[in-house]
Amino acid sequence: MTKEACKQRGCTGVIEEGYCNICGLAQARPAAASPASKASTPSRPVSGRGNSIVTGTGSTPVSHAKPGSRRSTRNSSARSTRRSLGAGLISVPELPSTDPEKAIMAEQRVPEHKRYCANCEKPLAREKGFCGQCGQKYSFIPTLRTGDLLDGQYEVKGALAYGGLGWIYLAFDRLLSRYVVLKGLLNTEDAAAASVAVAERQFLAAVKHPNIVGIYNFVQNGIEGFIVMEYVGGKTLRDIRKTRGPLPPAEAIAYIHRILGAFSYLHQMKLVYCDFKPENVMLEQGDVKLIDLGGVRRLDDPKGDIYGTVGYSAPEANEGPTVQSDLFTIGRTLAVLLTEIRGFGKEHRVSLPAPDEEPLFGQQESLYRFLLRATAPDPNDRFESAGQMADQLLGVLREVVAVETGTPHSAPSTYFGGDLLSLTVTDRLRPVRPDQRQLPTVNPDAGDPAFNAVANAAALPSLDQRISALRKAAADYPKSIEAPLRLAQGLIAAEGTNFEEAASILTQTEASDPWDWRVRWVRGCLLLAQTRYKEAQAQFDQVYFELPGEIAPKLGFAMAAELGGNYELAARMYELISKTDSTFLSAAFGRARCLCSMGDRKTAVEALTRVPKDSSLHLTSQIETARAWIGKGRSNIGAEELAGASAAIENVALNGMERYTLSKHLLETALNLITSGRVTPDAKVRILGEPLREFELRRGLEKYYRAMAHLAVGDDRVNLVDEANRVRPRSLF
């Protein structure tokens, strides 16, 4: 039979078994252009998330990008100093120790559904041959057999797995008496993959990190090269996820938080991992390790092959890997550990399900916001670094654990100071109201050119002096962000006509860096001071998207919601804050206020019990407890509420005029309720020792007016005596 000649231009070969014996192409199929990305599963069209996602609080992340703009680099790559898995907040399940040789594959064969051309990603049916679309020669057959000895040192025990770049074998190091892993080429005919292995030999040996598998050596076996790596026992996160299903949020977060340290290290070395997914993390002896460095490449290598996996790769990954594309894969991996994402490689290839599709996202607002930022369509909207991502994820972990266990986990913030409520309460008898001055201040940026000038201005005694010094700093350091932001804060504190100038400064500062969340934070404070509460809430809401692990944005969000009349949302956010970090006592007071406004006085009182006895605000909380029982609200005040307020006042550690004032207010309220008929007299109920009846209440009220008059002078004393005579019980004598 005459063989058919290859019809590809310039080729003199003939077709054998459907493929040209020279060029390798299938007959009558045009050659396809080689894509920049080499994914371990086929690539598909990317669909952006846009702004279609709405969180459980009704919020949507907003991109602050401008065409062609990139996020500015600031000194914000904070890293946790906690070294243990889960930062000591949780304990992860221990894995039993196993014999390394039990992990060897029973059948060393690549399943057909995982065979793809390394050049054009076409599915391949055979284990060896030429790609019918682009002609690339390939082989999925392992080249090492049990008993093979490499370099006279490494005895092959068998294949452990196969991955995007090659077969992974278990071997025994006869010289050092230890098990090692040999990483070879999955497609031994792929020249590009061979060059990757050579690159690994050159720079990966320098990678030394406790959460990254160690590279020991590089050996040759004929024309093939193998990387000799540390053997890591245990199980991959993929195996754990496959066995157990979606993992508890705290556990999944602990794994990812720990591995972020390894990414931070790689990025500092100007390396990107490229192809992160659950199978590339091994859990061993209570810690995790990055086990496959096959796709690692240099950030400054624009010509290198790009490896990734559909469903994990960032939408822009084909343009070249970056720190932000690495962070995208980490966010996707965490989402996979947590949930069952339907359409993971299709409609949700680069997006997350909404809370109505995935209940966990509705239950864990901060975690969901973290994932939204990590996987934002625009890389500029993602976290700036692995360190910042780890810092925020640790904050989310504290929240998750605190809510689950009922035990708060307080910790200082990299970005914000602490709760300022205690500094704003100067009159213990004045009701505690929400005020933007109670919000934490933003920590100064030590890398800002005006840092020293701003610090000197902060030390000046008067607000006017500080504002003048900050004006000068902003003028002297035109590239500073810190100086204009501090100036705007000073103008807000001065109030009055300075609001317009503060708003102008913020607009100009934002133009220099649309992603600087500090601008939105200060603008939120400005809008609160201007009583533009809904607009303020929107600003704090976006800061919450930027920093989902921080307490301060949640507090600003809650305060704006409360002032805007959305008591239910505010109470929910205050509760989350209070459960997470008990040092933010403003959340306890805020929740109590909201619950009172909603008519739930009992729960409001319970919220105030979270103020510890050793706090400077404990006395204030006792006074607020009395107010909670009888203050304005949707529910009517009855005998039970009056008795509760009485008990609170009797327990309060006040003397003199302060105690008399509180007591007078309670008795006036009780008397008004009795005389108006809204409360039925009841001698069994005691209010500050007096039966709940008109005569006794008048008698008690008269007593407190006269006691107050005894401490007053001038007209105040006369007025108090007149009030005592007015309210005293009537009698015949």
# chains A, B, ... in the order shown; residues from 1 in each chain; ligands from 1

$ select_by_dssp --residues "stretch 143-327 of chain A" --states "strand (DSSP E)" --output "MDAnalysis selection string"
chainID A and resid 149:150 154:162 167:173 178:183 215:221 224:230 235:236 271:272 281:284 287:290 297:298 306:308

$ residues_around --residues "A:Gln392" --least-positions-apart "4" --cutoff "9 Å" --atoms "only C-alpha atoms" --output "list in words"
Phe370, Gly387, Gln388, Val396, Leu397, Leu547, Pro548, Gly549 and Glu550 of chain A

$ select_by_dssp --residues "stretch 442-623 of chain A" --states "helix (DSSP H, G or I)" --output "PyMOL selection string"
chain A and resi 451-458+463-476+482-494+498-512+517-529+533-546+552-563+567-580+585-597+601-608+618-623

$ residues_around --residues "A:Met269" --least-positions-apart "3" --cutoff "10 Å" --atoms "only C-alpha atoms" --output "list in words"
Ala206, Val207, Phe263, Ser264, Tyr265, Leu266, Val272, Arg298 and Leu299 of chain A

$ closest_residue --among "A:Lys289, A:Asp300, A:Cys525, A:Pro249" --to "A:Gln363" --atoms "only C-alpha atoms"
A:Pro249

$ closest_residue --among "A:Leu617, A:Val228, A:Leu576, A:Val403" --to "A:Leu421" --atoms "only C-alpha atoms"
A:Leu617

$ residues_around --residues "stretch 450-465 of chain A" --least-positions-apart "5" --cutoff "12 Å" --atoms "only C-alpha atoms" --output "ChimeraX atom specification"
/A:443-445,470-487,489-495,498

$ closest_residue --among "A:Arg109, A:Lys534, A:Arg520, A:His64" --to "A:Glu127" --atoms "only C-alpha atoms"
A:Arg109

$ closest_atom_pairs --of "stretch 389-504 of chain A" --to "stretch 578-584 of chain A" --cutoff "6 Å" --atoms "only C-alpha atoms" --output "tab-separated table"
residue	atom	partner	partner_atom	distance
A:Glu399	CA	A:Thr580	CA	5.0
A:Ala402	CA	A:Thr580	CA	5.3
A:Pro408	CA	A:Thr580	CA	4.7
A:His409	CA	A:Asp581	CA	5.6
A:Ser410	CA	A:Asp581	CA	4.5
A:Asp419	CA	A:Phe584	CA	5.2

$ write_last_selection --atoms "C-alpha atoms" --output "mmCIF file, in the first residue's frame"
data_model
loop_
_atom_site.group_PDB
_atom_site.id
_atom_site.type_symbol
_atom_site.label_atom_id
_atom_site.label_comp_id
_atom_site.auth_asym_id
_atom_site.auth_seq_id
_atom_site.Cartn_x
_atom_site.Cartn_y
_atom_site.Cartn_z
ATOM 1 C CA GLU A 399 -12.357 35.900 64.435
ATOM 2 C CA ALA A 402 -13.304 33.351 68.761
ATOM 3 C CA PRO A 408 -11.982 36.372 72.389
ATOM 4 C CA HIS A 409 -8.505 36.463 70.849
ATOM 5 C CA SER A 410 -7.205 39.993 71.141
ATOM 6 C CA ASP A 419 -10.011 51.382 71.074
#

$ atom_distance --atom1 "atom CA of A:Arg369" --atom2 "atom CA of A:Asp356"
14.8 Å

$ atom_distance --atom1 "atom CA of A:Leu527" --atom2 "atom CA of A:Ala502"
10.5 Å

$ closest_residue --among "A:Met105, A:Gly245, A:Val180, A:Lys208" --to "A:Ile227" --atoms "only C-alpha atoms"
A:Val180

$ closest_residue --among "A:Pro449, A:Gly406, A:Gly362, A:Pro111" --to "A:Ile53" --atoms "only C-alpha atoms"
A:Gly362

$ residues_around --residues "A:Tyr312" --least-positions-apart "6" --cutoff "12 Å" --atoms "only C-alpha atoms" --output "MDAnalysis selection string"
chainID A and resid 39:41 43 46 274:279 325:336 344:346 348:352 374:375

$ residues_around --residues "A:Glu284" --least-positions-apart "6" --cutoff "10 Å" --atoms "only C-alpha atoms" --output "number ranges by chain"
A: 94-97, 232-236

$ closest_residue --among "A:Val54, A:Leu337, A:Leu283, A:Cys120" --to "A:Arg241" --atoms "only C-alpha atoms"
A:Leu337

$ decode --residues "stretch 605-726 of chain A" --atoms "C-alpha atoms" --output "PDB file, in the first residue's frame"
ATOM      1  CA  VAL A 605     -27.725  44.560  79.517  1.00  0.00           C
ATOM      2  CA  GLU A 606     -25.916  41.285  78.779  1.00  0.00           C
ATOM      3  CA  ALA A 607     -23.731  43.085  76.239  1.00  0.00           C
ATOM      4  CA  LEU A 608     -22.621  45.566  78.900  1.00  0.00           C
ATOM      5  CA  THR A 609     -21.544  42.766  81.221  1.00  0.00           C
ATOM      6  CA  ARG A 610     -18.604  42.175  78.849  1.00  0.00           C
ATOM      7  CA  VAL A 611     -16.892  45.265  80.239  1.00  0.00           C
ATOM      8  CA  PRO A 612     -14.438  43.781  82.791  1.00  0.00           C
ATOM      9  CA  LYS A 613     -14.341  44.999  86.372  1.00  0.00           C
ATOM     10  CA  ASP A 614     -10.733  46.140  86.071  1.00  0.00           C
ATOM     11  CA  SER A 615     -11.583  48.419  83.128  1.00  0.00           C
ATOM     12  CA  SER A 616     -11.747  52.187  83.544  1.00  0.00           C
ATOM     13  CA  LEU A 617     -15.092  51.952  81.741  1.00  0.00           C
ATOM     14  CA  HIS A 618     -16.657  49.462  84.158  1.00  0.00           C
ATOM     15  CA  LEU A 619     -18.395  52.157  86.191  1.00  0.00           C
ATOM     16  CA  THR A 620     -19.653  53.744  82.978  1.00  0.00           C
ATOM     17  CA  SER A 621     -21.015  50.362  81.883  1.00  0.00           C
ATOM     18  CA  GLN A 622     -22.954  50.043  85.151  1.00  0.00           C
ATOM     19  CA  ILE A 623     -24.480  53.457  84.615  1.00  0.00           C
ATOM     20  CA  GLU A 624     -25.328  52.519  81.015  1.00  0.00           C
ATOM     21  CA  THR A 625     -26.912  49.320  82.322  1.00  0.00           C
ATOM     22  CA  ALA A 626     -29.351  51.388  84.375  1.00  0.00           C
ATOM     23  CA  ARG A 627     -30.090  53.496  81.313  1.00  0.00           C
ATOM     24  CA  ALA A 628     -30.590  50.405  79.197  1.00  0.00           C
ATOM     25  CA  TRP A 629     -33.424  49.265  81.466  1.00  0.00           C
ATOM     26  CA  ILE A 630     -35.334  52.541  81.396  1.00  0.00           C
ATOM     27  CA  GLY A 631     -34.004  54.417  78.363  1.00  0.00           C
ATOM     28  CA  LYS A 632     -35.880  55.179  75.180  1.00  0.00           C
ATOM     29  CA  GLY A 633     -36.628  52.185  73.012  1.00  0.00           C
ATOM     30  CA  ARG A 634     -39.288  50.344  71.113  1.00  0.00           C
ATOM     31  CA  SER A 635     -40.366  48.270  74.106  1.00  0.00           C
ATOM     32  CA  ASN A 636     -42.471  49.667  76.939  1.00  0.00           C
ATOM     33  CA  ILE A 637     -40.956  50.069  80.385  1.00  0.00           C
ATOM     34  CA  GLY A 638     -42.575  47.907  83.057  1.00  0.00           C
ATOM     35  CA  ALA A 639     -41.958  46.822  86.610  1.00  0.00           C
ATOM     36  CA  GLU A 640     -39.273  44.371  85.530  1.00  0.00           C
ATOM     37  CA  GLU A 641     -37.273  47.076  83.753  1.00  0.00           C
ATOM     38  CA  LEU A 642     -37.615  49.456  86.712  1.00  0.00           C
ATOM     39  CA  ALA A 643     -36.386  46.765  89.079  1.00  0.00           C
ATOM     40  CA  GLY A 644     -33.450  46.012  86.802  1.00  0.00           C
ATOM     41  CA  ALA A 645     -32.426  49.658  86.722  1.00  0.00           C
ATOM     42  CA  SER A 646     -32.768  49.844  90.510  1.00  0.00           C
ATOM     43  CA  ALA A 647     -30.440  46.859  90.977  1.00  0.00           C
ATOM     44  CA  ALA A 648     -27.900  48.380  88.610  1.00  0.00           C
ATOM     45  CA  ILE A 649     -27.848  51.699  90.471  1.00  0.00           C
ATOM     46  CA  GLU A 650     -27.591  50.006  93.847  1.00  0.00           C
ATOM     47  CA  ASN A 651     -24.525  48.103  92.614  1.00  0.00           C
ATOM     48  CA  VAL A 652     -22.820  51.105  91.068  1.00  0.00           C
ATOM     49  CA  ALA A 653     -19.782  52.439  92.918  1.00  0.00           C
ATOM     50  CA  LEU A 654     -20.884  56.072  93.032  1.00  0.00           C
ATOM     51  CA  ASN A 655     -21.297  58.515  95.880  1.00  0.00           C
ATOM     52  CA  GLY A 656     -22.551  62.043  96.390  1.00  0.00           C
ATOM     53  CA  MET A 657     -24.158  64.055  93.626  1.00  0.00           C
ATOM     54  CA  GLU A 658     -23.559  61.414  90.923  1.00  0.00           C
ATOM     55  CA  ARG A 659     -25.472  58.728  92.811  1.00  0.00           C
ATOM     56  CA  TYR A 660     -28.243  61.140  93.774  1.00  0.00           C
ATOM     57  CA  THR A 661     -28.627  62.241  90.144  1.00  0.00           C
ATOM     58  CA  LEU A 662     -28.982  58.663  88.877  1.00  0.00           C
ATOM     59  CA  SER A 663     -31.398  57.754  91.672  1.00  0.00           C
ATOM     60  CA  LYS A 664     -33.501  60.852  91.041  1.00  0.00           C
ATOM     61  CA  HIS A 665     -33.795  59.981  87.338  1.00  0.00           C
ATOM     62  CA  LEU A 666     -34.975  56.450  88.090  1.00  0.00           C
ATOM     63  CA  LEU A 667     -37.558  57.546  90.656  1.00  0.00           C
ATOM     64  CA  GLU A 668     -38.853  60.262  88.332  1.00  0.00           C
ATOM     65  CA  THR A 669     -39.307  57.666  85.588  1.00  0.00           C
ATOM     66  CA  ALA A 670     -41.070  55.247  87.918  1.00  0.00           C
ATOM     67  CA  LEU A 671     -43.364  57.960  89.299  1.00  0.00           C
ATOM     68  CA  ASN A 672     -44.281  59.147  85.802  1.00  0.00           C
ATOM     69  CA  LEU A 673     -45.176  55.601  84.755  1.00  0.00           C
ATOM     70  CA  ILE A 674     -47.349  55.065  87.845  1.00  0.00           C
ATOM     71  CA  THR A 675     -49.197  58.386  87.649  1.00  0.00           C
ATOM     72  CA  SER A 676     -49.831  57.966  83.893  1.00  0.00           C
ATOM     73  CA  GLY A 677     -51.275  54.507  84.441  1.00  0.00           C
ATOM     74  CA  ARG A 678     -48.738  52.769  82.201  1.00  0.00           C
ATOM     75  CA  VAL A 679     -47.434  50.689  85.123  1.00  0.00           C
ATOM     76  CA  THR A 680     -49.598  49.088  87.805  1.00  0.00           C
ATOM     77  CA  PRO A 681     -48.552  49.787  91.424  1.00  0.00           C
ATOM     78  CA  ASP A 682     -46.997  46.766  93.108  1.00  0.00           C
ATOM     79  CA  ALA A 683     -45.767  46.883  96.686  1.00  0.00           C
ATOM     80  CA  LYS A 684     -43.724  43.719  96.149  1.00  0.00           C
ATOM     81  CA  VAL A 685     -41.479  45.495  93.635  1.00  0.00           C
ATOM     82  CA  ARG A 686     -38.848  47.706  95.265  1.00  0.00           C
ATOM     83  CA  ILE A 687     -37.270  50.691  93.549  1.00  0.00           C
ATOM     84  CA  LEU A 688     -34.211  51.888  95.465  1.00  0.00           C
ATOM     85  CA  GLY A 689     -35.789  50.462  98.610  1.00  0.00           C
ATOM     86  CA  GLU A 690     -39.197  52.045  98.016  1.00  0.00           C
ATOM     87  CA  PRO A 691     -42.331  50.037  97.063  1.00  0.00           C
ATOM     88  CA  LEU A 692     -43.552  50.646  93.516  1.00  0.00           C
ATOM     89  CA  ARG A 693     -46.414  52.894  94.624  1.00  0.00           C
ATOM     90  CA  GLU A 694     -46.997  56.614  94.179  1.00  0.00           C
ATOM     91  CA  PHE A 695     -46.758  57.651  97.822  1.00  0.00           C
ATOM     92  CA  GLU A 696     -43.470  55.854  98.505  1.00  0.00           C
ATOM     93  CA  LEU A 697     -41.952  56.918  95.189  1.00  0.00           C
ATOM     94  CA  ARG A 698     -42.727  60.564  95.981  1.00  0.00           C
ATOM     95  CA  ARG A 699     -41.223  60.156  99.393  1.00  0.00           C
ATOM     96  CA  GLY A 700     -38.034  58.690  97.968  1.00  0.00           C
ATOM     97  CA  LEU A 701     -37.804  61.313  95.253  1.00  0.00           C
ATOM     98  CA  GLU A 702     -38.207  64.104  97.797  1.00  0.00           C
ATOM     99  CA  LYS A 703     -35.388  62.590  99.820  1.00  0.00           C
ATOM    100  CA  TYR A 704     -32.987  62.638  96.862  1.00  0.00           C
ATOM    101  CA  TYR A 705     -33.892  66.201  95.865  1.00  0.00           C
ATOM    102  CA  ARG A 706     -33.145  67.416  99.388  1.00  0.00           C
ATOM    103  CA  ALA A 707     -29.884  65.441  99.483  1.00  0.00           C
ATOM    104  CA  MET A 708     -28.841  67.087  96.214  1.00  0.00           C
ATOM    105  CA  ALA A 709     -29.842  70.519  97.528  1.00  0.00           C
ATOM    106  CA  HIS A 710     -27.626  69.931 100.538  1.00  0.00           C
ATOM    107  CA  LEU A 711     -24.627  69.643  98.205  1.00  0.00           C
ATOM    108  CA  ALA A 712     -25.623  72.513  95.885  1.00  0.00           C
ATOM    109  CA  VAL A 713     -25.172  76.265  96.297  1.00  0.00           C
ATOM    110  CA  GLY A 714     -26.949  79.406  95.168  1.00  0.00           C
ATOM    111  CA  ASP A 715     -29.849  79.186  92.722  1.00  0.00           C
ATOM    112  CA  ASP A 716     -29.263  75.473  92.138  1.00  0.00           C
ATOM    113  CA  ARG A 717     -29.913  74.798  95.801  1.00  0.00           C
ATOM    114  CA  VAL A 718     -33.104  76.845  95.793  1.00  0.00           C
ATOM    115  CA  ASN A 719     -34.395  75.090  92.662  1.00  0.00           C
ATOM    116  CA  LEU A 720     -33.738  71.655  94.135  1.00  0.00           C
ATOM    117  CA  VAL A 721     -35.601  72.523  97.328  1.00  0.00           C
ATOM    118  CA  ASP A 722     -38.521  73.755  95.240  1.00  0.00           C
ATOM    119  CA  GLU A 723     -38.535  70.440  93.328  1.00  0.00           C
ATOM    120  CA  ALA A 724     -38.500  68.521  96.606  1.00  0.00           C
ATOM    121  CA  ASN A 725     -41.544  70.439  97.823  1.00  0.00           C
ATOM    122  CA  ARG A 726     -43.302  69.876  94.512  1.00  0.00           C
TER     123      ARG A 726
END
